[in-house]
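For reference, coords-v4.txt (compact mmCIF, C-alpha atoms):
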```txt
# COMPACT_ATOMS: atom_id res chain seq x y z
CA MET A 668 42.56 -71.44 11.08
CA ASP A 669 38.77 -71.49 10.77
CA GLU A 670 37.06 -72.11 7.44
CA GLU A 671 36.01 -68.49 6.92
CA LEU A 672 39.55 -67.23 7.44
CA ARG A 673 40.91 -69.99 5.21
CA THR A 674 38.56 -69.00 2.38
CA LEU A 675 39.45 -65.31 2.71
CA THR A 676 43.17 -66.07 2.87
CA GLU A 677 43.07 -68.19 -0.28
CA ARG A 678 41.13 -65.52 -2.15
CA LEU A 679 43.47 -62.73 -1.13
CA ARG A 680 46.59 -64.84 -1.74
CA ALA A 681 45.44 -65.25 -5.34
CA GLU A 682 44.63 -61.55 -5.60
CA SER A 683 48.04 -60.54 -4.26
CA GLY A 684 49.93 -62.99 -6.44
CA GLY A 685 51.20 -64.83 -3.37
CA THR A 686 53.85 -62.23 -2.64
CA ALA A 687 56.18 -62.30 0.35
CA ALA A 688 54.37 -59.23 1.69
CA PHE A 689 51.13 -61.18 1.69
CA GLU A 690 52.65 -64.15 3.49
CA ARG A 691 54.13 -61.90 6.18
CA LEU A 692 50.80 -60.18 6.74
CA ALA A 693 48.92 -63.47 6.84
CA ALA A 694 51.34 -64.93 9.37
CA THR A 695 51.78 -62.05 11.81
CA ASP A 696 49.99 -62.02 15.15
CA ASP A 697 51.04 -58.43 15.88
CA HIS A 698 47.90 -56.29 15.98
CA ASP A 699 49.94 -53.10 15.69
CA VAL A 700 51.40 -54.32 12.40
CA LEU A 701 47.92 -55.13 11.11
CA ALA A 702 46.53 -51.78 12.26
CA GLY A 703 49.44 -50.01 10.59
CA VAL A 704 48.34 -51.41 7.24
CA LEU A 705 44.98 -49.66 7.68
CA THR A 706 46.54 -46.24 8.16
CA ALA A 707 49.59 -46.44 5.90
CA PRO A 708 49.21 -44.76 2.48
CA GLY A 709 49.39 -46.75 -0.73
CA GLN A 710 48.41 -50.13 0.69
CA PRO A 711 46.70 -52.47 -1.81
CA LEU A 712 43.08 -53.41 -1.18
CA TRP A 713 43.93 -57.05 -0.45
CA ALA A 714 46.27 -55.95 2.35
CA ARG A 715 43.69 -53.65 3.91
CA GLU A 716 41.02 -56.34 3.75
CA LEU A 717 43.24 -59.00 5.29
CA ALA A 718 44.36 -56.69 8.09
CA ALA A 719 40.83 -55.46 8.81
CA TYR A 720 39.37 -58.96 8.84
CA ARG A 721 42.02 -60.35 11.15
CA LEU A 722 41.73 -57.41 13.54
CA GLY A 723 37.93 -57.48 13.45
CA THR A 724 37.61 -61.18 14.20
CA ALA A 725 40.06 -60.68 17.08
CA GLY A 726 37.85 -57.94 18.55
CA ASP A 727 40.23 -55.05 17.81
CA ARG A 728 38.07 -52.00 17.15
CA ARG A 729 40.75 -50.31 15.08
CA ALA A 730 39.31 -52.35 12.21
CA PHE A 731 35.85 -50.78 12.40
CA GLU A 732 36.10 -48.04 9.76
CA ALA A 733 37.83 -50.26 7.22
CA LEU A 734 35.30 -53.05 7.69
CA VAL A 735 32.34 -50.68 7.24
CA LEU A 736 33.81 -49.50 3.93
CA LEU A 737 34.27 -53.12 2.82
CA LEU A 738 30.71 -54.01 3.91
CA ASN A 739 29.40 -51.76 1.13
CA HIS A 740 31.93 -52.76 -1.53
CA ARG A 741 30.87 -53.66 -5.06
CA ASP A 742 32.59 -57.07 -4.72
CA PRO A 743 30.24 -59.46 -2.84
CA PRO A 744 33.00 -61.64 -1.29
CA ARG A 745 34.50 -58.55 0.34
CA CYS A 746 31.09 -57.56 1.70
CA ALA A 747 30.51 -61.05 3.09
CA ALA A 748 33.90 -61.18 4.79
CA ALA A 749 33.42 -57.73 6.29
CA ALA A 750 30.02 -58.74 7.65
CA GLN A 751 31.55 -61.82 9.28
CA ALA A 752 34.25 -59.73 10.93
CA LEU A 753 31.85 -57.00 12.06
CA ALA A 754 29.55 -59.59 13.64
CA ARG A 755 32.46 -60.79 15.75
CA LEU A 756 33.94 -57.37 16.46
CA GLY A 757 31.31 -56.33 19.00
CA ASP A 758 31.61 -52.62 18.28
CA PRO A 759 28.47 -50.73 19.39
CA ARG A 760 28.67 -48.55 16.26
CA THR A 761 28.17 -51.51 13.93
CA ALA A 762 24.37 -51.69 13.87
CA ARG A 763 24.00 -47.97 13.21
CA ALA A 764 26.49 -48.17 10.34
CA ALA A 765 24.82 -51.25 8.85
CA ALA A 766 21.40 -49.57 9.09
CA ALA A 767 22.72 -46.50 7.27
CA LEU A 768 24.12 -48.68 4.49
CA ALA A 769 20.99 -50.83 4.20
CA THR A 770 18.73 -47.79 3.83
CA ASN A 771 20.94 -45.80 1.44
CA GLU A 772 19.04 -45.91 -1.86
CA LEU A 773 22.11 -44.73 -3.76
CA ARG A 774 23.90 -47.94 -2.70
CA VAL A 775 20.99 -50.37 -2.61
CA ALA A 776 22.72 -52.67 -5.10
CA TYR A 777 25.22 -53.44 -2.32
CA ALA A 778 22.75 -53.61 0.59
CA LEU A 779 22.43 -57.41 0.81
CA HIS A 780 25.15 -58.00 3.39
CA PRO A 781 24.31 -54.97 5.55
CA VAL A 782 20.71 -56.28 5.68
CA ARG A 783 21.84 -59.76 6.70
CA LEU A 784 24.22 -58.34 9.29
CA LEU A 785 21.44 -56.28 10.86
CA ALA A 786 19.31 -59.39 11.34
CA GLU A 787 22.24 -61.23 12.88
CA LEU A 788 23.06 -58.41 15.30
CA ARG A 789 19.45 -58.12 16.56
CA ALA A 790 20.14 -54.51 17.55
CA PRO A 791 17.42 -51.85 18.08
CA GLU A 792 18.25 -50.34 14.68
CA ALA A 793 17.55 -53.59 12.83
CA VAL A 794 13.75 -53.75 12.58
CA PRO A 795 13.14 -50.11 11.50
CA ALA A 796 15.93 -50.31 8.91
CA LEU A 797 14.71 -53.62 7.45
CA ILE A 798 11.12 -52.36 7.31
CA THR A 799 12.21 -49.19 5.50
CA THR A 800 14.38 -51.10 3.03
CA LEU A 801 11.73 -53.73 2.31
CA ARG A 802 8.95 -51.19 1.80
CA ARG A 803 11.05 -49.46 -0.87
CA ARG A 804 11.68 -52.81 -2.58
CA LEU A 805 7.93 -53.44 -2.93
CA ARG A 806 7.62 -50.81 -5.62
CA PRO A 807 6.63 -52.12 -9.08
CA HIS A 808 9.52 -53.53 -11.13
CA ASP A 809 12.11 -53.07 -8.38
CA PRO A 810 15.21 -55.01 -9.51
CA TYR A 811 16.66 -55.73 -6.07
CA ARG A 812 14.73 -58.90 -5.21
CA ARG A 813 17.63 -60.49 -3.30
CA VAL A 814 17.74 -57.49 -0.99
CA ALA A 815 13.97 -57.66 -0.52
CA LEU A 816 14.11 -61.38 0.24
CA ALA A 817 16.89 -60.83 2.78
CA CYS A 818 14.72 -58.20 4.48
CA VAL A 819 11.77 -60.56 4.66
CA GLU A 820 13.91 -63.37 6.05
CA GLY A 821 15.60 -61.02 8.51
CA LEU A 822 12.30 -59.66 9.80
CA GLY A 823 11.09 -63.20 10.31
CA GLN A 824 14.27 -63.99 12.20
CA LEU A 825 13.74 -60.96 14.44
CA GLY A 826 10.07 -61.78 15.03
CA ASP A 827 9.03 -58.20 15.81
CA PRO A 828 5.30 -57.35 15.52
CA ARG A 829 6.16 -54.00 13.94
CA ALA A 830 7.03 -55.91 10.76
CA GLN A 831 3.55 -57.39 10.30
CA SER A 832 2.24 -54.67 7.99
CA VAL A 833 5.12 -54.68 5.53
CA LEU A 834 5.30 -58.47 5.52
CA ASN A 835 1.59 -58.62 4.67
CA GLU A 836 2.34 -56.28 1.76
CA ALA A 837 5.12 -58.62 0.65
CA LEU A 838 2.59 -61.46 0.34
CA ALA A 839 1.36 -59.84 -2.88
CA HIS A 840 4.77 -60.32 -4.53
CA PRO A 841 5.24 -63.87 -5.88
CA ALA A 842 9.01 -63.84 -5.38
CA LEU A 843 8.57 -62.93 -1.71
CA ALA A 844 5.26 -64.55 -0.76
CA GLU A 845 6.55 -67.88 0.57
CA ALA A 846 9.27 -66.25 2.65
CA ALA A 847 6.73 -63.71 3.95
CA VAL A 848 4.41 -66.51 5.08
CA HIS A 849 7.25 -68.09 7.06
CA ALA A 850 8.30 -64.71 8.47
CA LEU A 851 4.75 -63.87 9.61
CA ALA A 852 4.48 -67.28 11.26
CA ARG A 853 7.42 -66.35 13.49
CA ILE A 854 5.79 -63.15 14.74
CA PRO A 855 3.85 -63.73 17.97
CA HIS A 856 0.23 -62.79 18.70
CA GLN A 857 -1.05 -62.70 15.12
CA GLY A 858 -4.63 -63.49 14.15
CA SER A 859 -5.85 -66.51 12.25
CA ALA A 860 -5.38 -64.76 8.90
CA ARG A 861 -1.64 -64.61 9.48
CA GLY A 862 0.61 -65.58 6.62
CA ARG A 863 -2.03 -66.39 4.04
CA ILE A 864 -0.92 -65.96 0.45
CA PRO A 865 -3.50 -63.94 -1.51
CA GLY A 866 -5.86 -66.27 -3.35
CA GLN A 867 -5.44 -69.13 -0.87
CA ARG A 868 -8.41 -70.33 1.16
```

Would you give me this structure, written as structure tokens?
Amino acid sequence: MDEELRTLTERLRAESGGTAAFERLAATDDHDVLAGVLTAPGQPLWARELAAYRLGTAGDRRAFEALVLLLNHRDPPRCAAAAQALARLGDPRTARAAAALATNELRVAYALHPVRLLAELRAPEAVPALITTLRRRLRPHDPYRRVALACVEGLGQLGDPRAQSVLNEALAHPALAEAAVHALARIPHQGSARGRIPGQR
């Protein structure tokens, strides 16, 4: 059992109360049993998460819809686990779904893990979605600084020249300036003024 699965299993064991049903689900290697949990009515959230995670990390695309729902959950550990599973799943729909979640202003409070997943996937949808999300976060008094920082870091990771403009705008925000400098430094073919924090010589 890898460390990520161990952490998830311990969390969900506590959530379930360590019931026999949990132990059976954690132990089974039958993908049909796991997939059945995702479609059966009345299943507790811990059961759906465990089944979706185990299917997703095994590359079974029957987990896709459940994992996308968990990626945008209000509980950060569920979002993080779903992102891990989706990164391993290899479903071509993943990047499009993550981009839709990252750019949904009604759910921006839960956009951190979709943003990070987009950068990890390096899909065509990633750069436009991260630029859009970051530009919205540069408004005055925006409260979602962690999302903004994840966008800056992700754009640096992707190293796409299309991000230069919005990263230069981020230099004016003290909470983002250092990360923006590093991100700009990873974008090729920039001029000598690249990554200079306003006020620096």

Taking (52.3, -52.6, 4.6) in the file's coordinates, which residues come within 12 Å, counting all atoms listed in the file, written as an mmCIF file with C-alpha atoms, keeping the file's coordinate frame?
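Printed below is result-v4.cif as written:
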```
data_model
loop_
_atom_site.group_PDB
_atom_site.id
_atom_site.type_symbol
_atom_site.label_atom_id
_atom_site.label_comp_id
_atom_site.auth_asym_id
_atom_site.auth_seq_id
_atom_site.Cartn_x
_atom_site.Cartn_y
_atom_site.Cartn_z
ATOM 1 C CA ALA A 687 56.180 -62.300 0.350
ATOM 2 C CA ALA A 688 54.370 -59.230 1.690
ATOM 3 C CA PHE A 689 51.130 -61.180 1.690
ATOM 4 C CA GLU A 690 52.650 -64.150 3.490
ATOM 5 C CA ARG A 691 54.130 -61.900 6.180
ATOM 6 C CA LEU A 692 50.800 -60.180 6.740
ATOM 7 C CA ALA A 693 48.920 -63.470 6.840
ATOM 8 C CA THR A 695 51.780 -62.050 11.810
ATOM 9 C CA ASP A 699 49.940 -53.100 15.690
ATOM 10 C CA VAL A 700 51.400 -54.320 12.400
ATOM 11 C CA LEU A 701 47.920 -55.130 11.110
ATOM 12 C CA ALA A 702 46.530 -51.780 12.260
ATOM 13 C CA GLY A 703 49.440 -50.010 10.590
ATOM 14 C CA VAL A 704 48.340 -51.410 7.240
ATOM 15 C CA LEU A 705 44.980 -49.660 7.680
ATOM 16 C CA THR A 706 46.540 -46.240 8.160
ATOM 17 C CA ALA A 707 49.590 -46.440 5.900
ATOM 18 C CA PRO A 708 49.210 -44.760 2.480
ATOM 19 C CA GLY A 709 49.390 -46.750 -0.730
ATOM 20 C CA GLN A 710 48.410 -50.130 0.690
ATOM 21 C CA PRO A 711 46.700 -52.470 -1.810
ATOM 22 C CA LEU A 712 43.080 -53.410 -1.180
ATOM 23 C CA TRP A 713 43.930 -57.050 -0.450
ATOM 24 C CA ALA A 714 46.270 -55.950 2.350
ATOM 25 C CA ARG A 715 43.690 -53.650 3.910
ATOM 26 C CA GLU A 716 41.020 -56.340 3.750
ATOM 27 C CA LEU A 717 43.240 -59.000 5.290
ATOM 28 C CA ALA A 718 44.360 -56.690 8.090
#
```

With a distance cut-off of 12 Å and only C-alpha atoms, select the neighbouring residues of A:Gly726, excluding the residue or stretch itself and same-chain residues fewer than 6 positions from it, and output the selection as a short mmCIF file (atom, residue, chain, number, x, y, z; two decimals) with C-alpha atoms, keeping the file's coordinate frame.
```cif
data_model
loop_
_atom_site.label_atom_id
_atom_site.label_comp_id
_atom_site.auth_asym_id
_atom_site.auth_seq_id
_atom_site.Cartn_x
_atom_site.Cartn_y
_atom_site.Cartn_z
CA HIS A 698 47.90 -56.29 15.98
CA ALA A 719 40.83 -55.46 8.81
CA TYR A 720 39.37 -58.96 8.84
CA GLN A 751 31.55 -61.82 9.28
CA ALA A 752 34.25 -59.73 10.93
CA LEU A 753 31.85 -57.00 12.06
CA ALA A 754 29.55 -59.59 13.64
CA ARG A 755 32.46 -60.79 15.75
CA LEU A 756 33.94 -57.37 16.46
CA GLY A 757 31.31 -56.33 19.00
CA ASP A 758 31.61 -52.62 18.28
CA PRO A 759 28.47 -50.73 19.39
#
```

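The environment of A:Ala847 within 8 Å, counting only C-alpha atoms and disregarding residues fewer than 6 places along the same chain, consists of Val819, Glu820, Gly823, Leu834, Asn835, Ala837, Leu838 and Gly862 of chain A.
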
Please check which residues have atoms at most 9 Å from (22.6, -48.9, 8.4) in the file's coordinates, counting only C-alpha atoms, and write them as number ranges by chain. A: 761-771, 781-782, 785, 792-793, 796

Selected residues, C-alpha atoms, written as a compact mmCIF listing (two decimals), in the coordinates of the input, please.
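Writing done, so here's result.txt:
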```txt
# COMPACT_ATOMS: atom_id res chain seq x y z
CA THR A 761 28.17 -51.51 13.93
CA ALA A 762 24.37 -51.69 13.87
CA ARG A 763 24.00 -47.97 13.21
CA ALA A 764 26.49 -48.17 10.34
CA ALA A 765 24.82 -51.25 8.85
CA ALA A 766 21.40 -49.57 9.09
CA ALA A 767 22.72 -46.50 7.27
CA LEU A 768 24.12 -48.68 4.49
CA ALA A 769 20.99 -50.83 4.20
CA THR A 770 18.73 -47.79 3.83
CA ASN A 771 20.94 -45.80 1.44
CA PRO A 781 24.31 -54.97 5.55
CA VAL A 782 20.71 -56.28 5.68
CA LEU A 785 21.44 -56.28 10.86
CA GLU A 792 18.25 -50.34 14.68
CA ALA A 793 17.55 -53.59 12.83
CA ALA A 796 15.93 -50.31 8.91
```

Between atom CA of A:Ala681 and atom CA of A:Ala748, what is the distance, to one decimal in Å? 15.9 Å

Hey, could you pull the box centre and edge lengths for stretch 779-798 of chain A, axis-aligned, 5 Å padding per side, all listed atoms, to one decimal in Å, as lines of an AutoDock Vina configuration file?
```
center_x = 18.1
center_y = -55.7
center_z = 9.4
size_x = 24.0
size_y = 21.1
size_z = 27.3
```

If I take atom CA of A:Asp809 and atom CA of A:Ala846, how far is one from the other in Å, to one decimal? 17.4 Å

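Of the listed residues A:Ala694, A:Leu784, A:Leu805, A:Leu675, the one whose atoms come nearest to A:Pro744 is A:Leu675, with distances taken using all atoms listed in the file.
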
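As for atom CA of A:Arg853 and atom CA of A:Gly826, they are spaced 5.5 Å apart.
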
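Comparing A:Glu670, A:Gln824, A:Leu797, A:Ala839 by their smallest distance to A:Leu851, the closest is A:Gln824 (using all atoms listed in the file).
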
When you count only C-alpha atoms, which of these residues is closest to A:Leu822: A:His740, A:Arg783, A:Arg673, A:Arg745? A:Arg783

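With all atoms listed in the file as the basis for measurement, A:Ile798 is the residue among A:Ala815, A:Val848, A:Ala730, A:Ile798 that approaches A:Ser832 most closely.
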
Give me the residues near A:Arg813 as a PyMOL selection string, where near means some atom within 9 Å (using all atoms listed in the file) and where sequence neighbours in that chain fewer than 4 positions away do not count. chain A and resi 779+817-818

What would the file look like if the residues just selected were written as a CSV table (one decimal), in the frame of the given file with C-alpha atoms?
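Writing done, so here's result.csv:
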```csv
chain,number,residue,atom,x,y,z
A,779,LEU,CA,22.4,-57.4,0.8
A,817,ALA,CA,16.9,-60.8,2.8
A,818,CYS,CA,14.7,-58.2,4.5
```
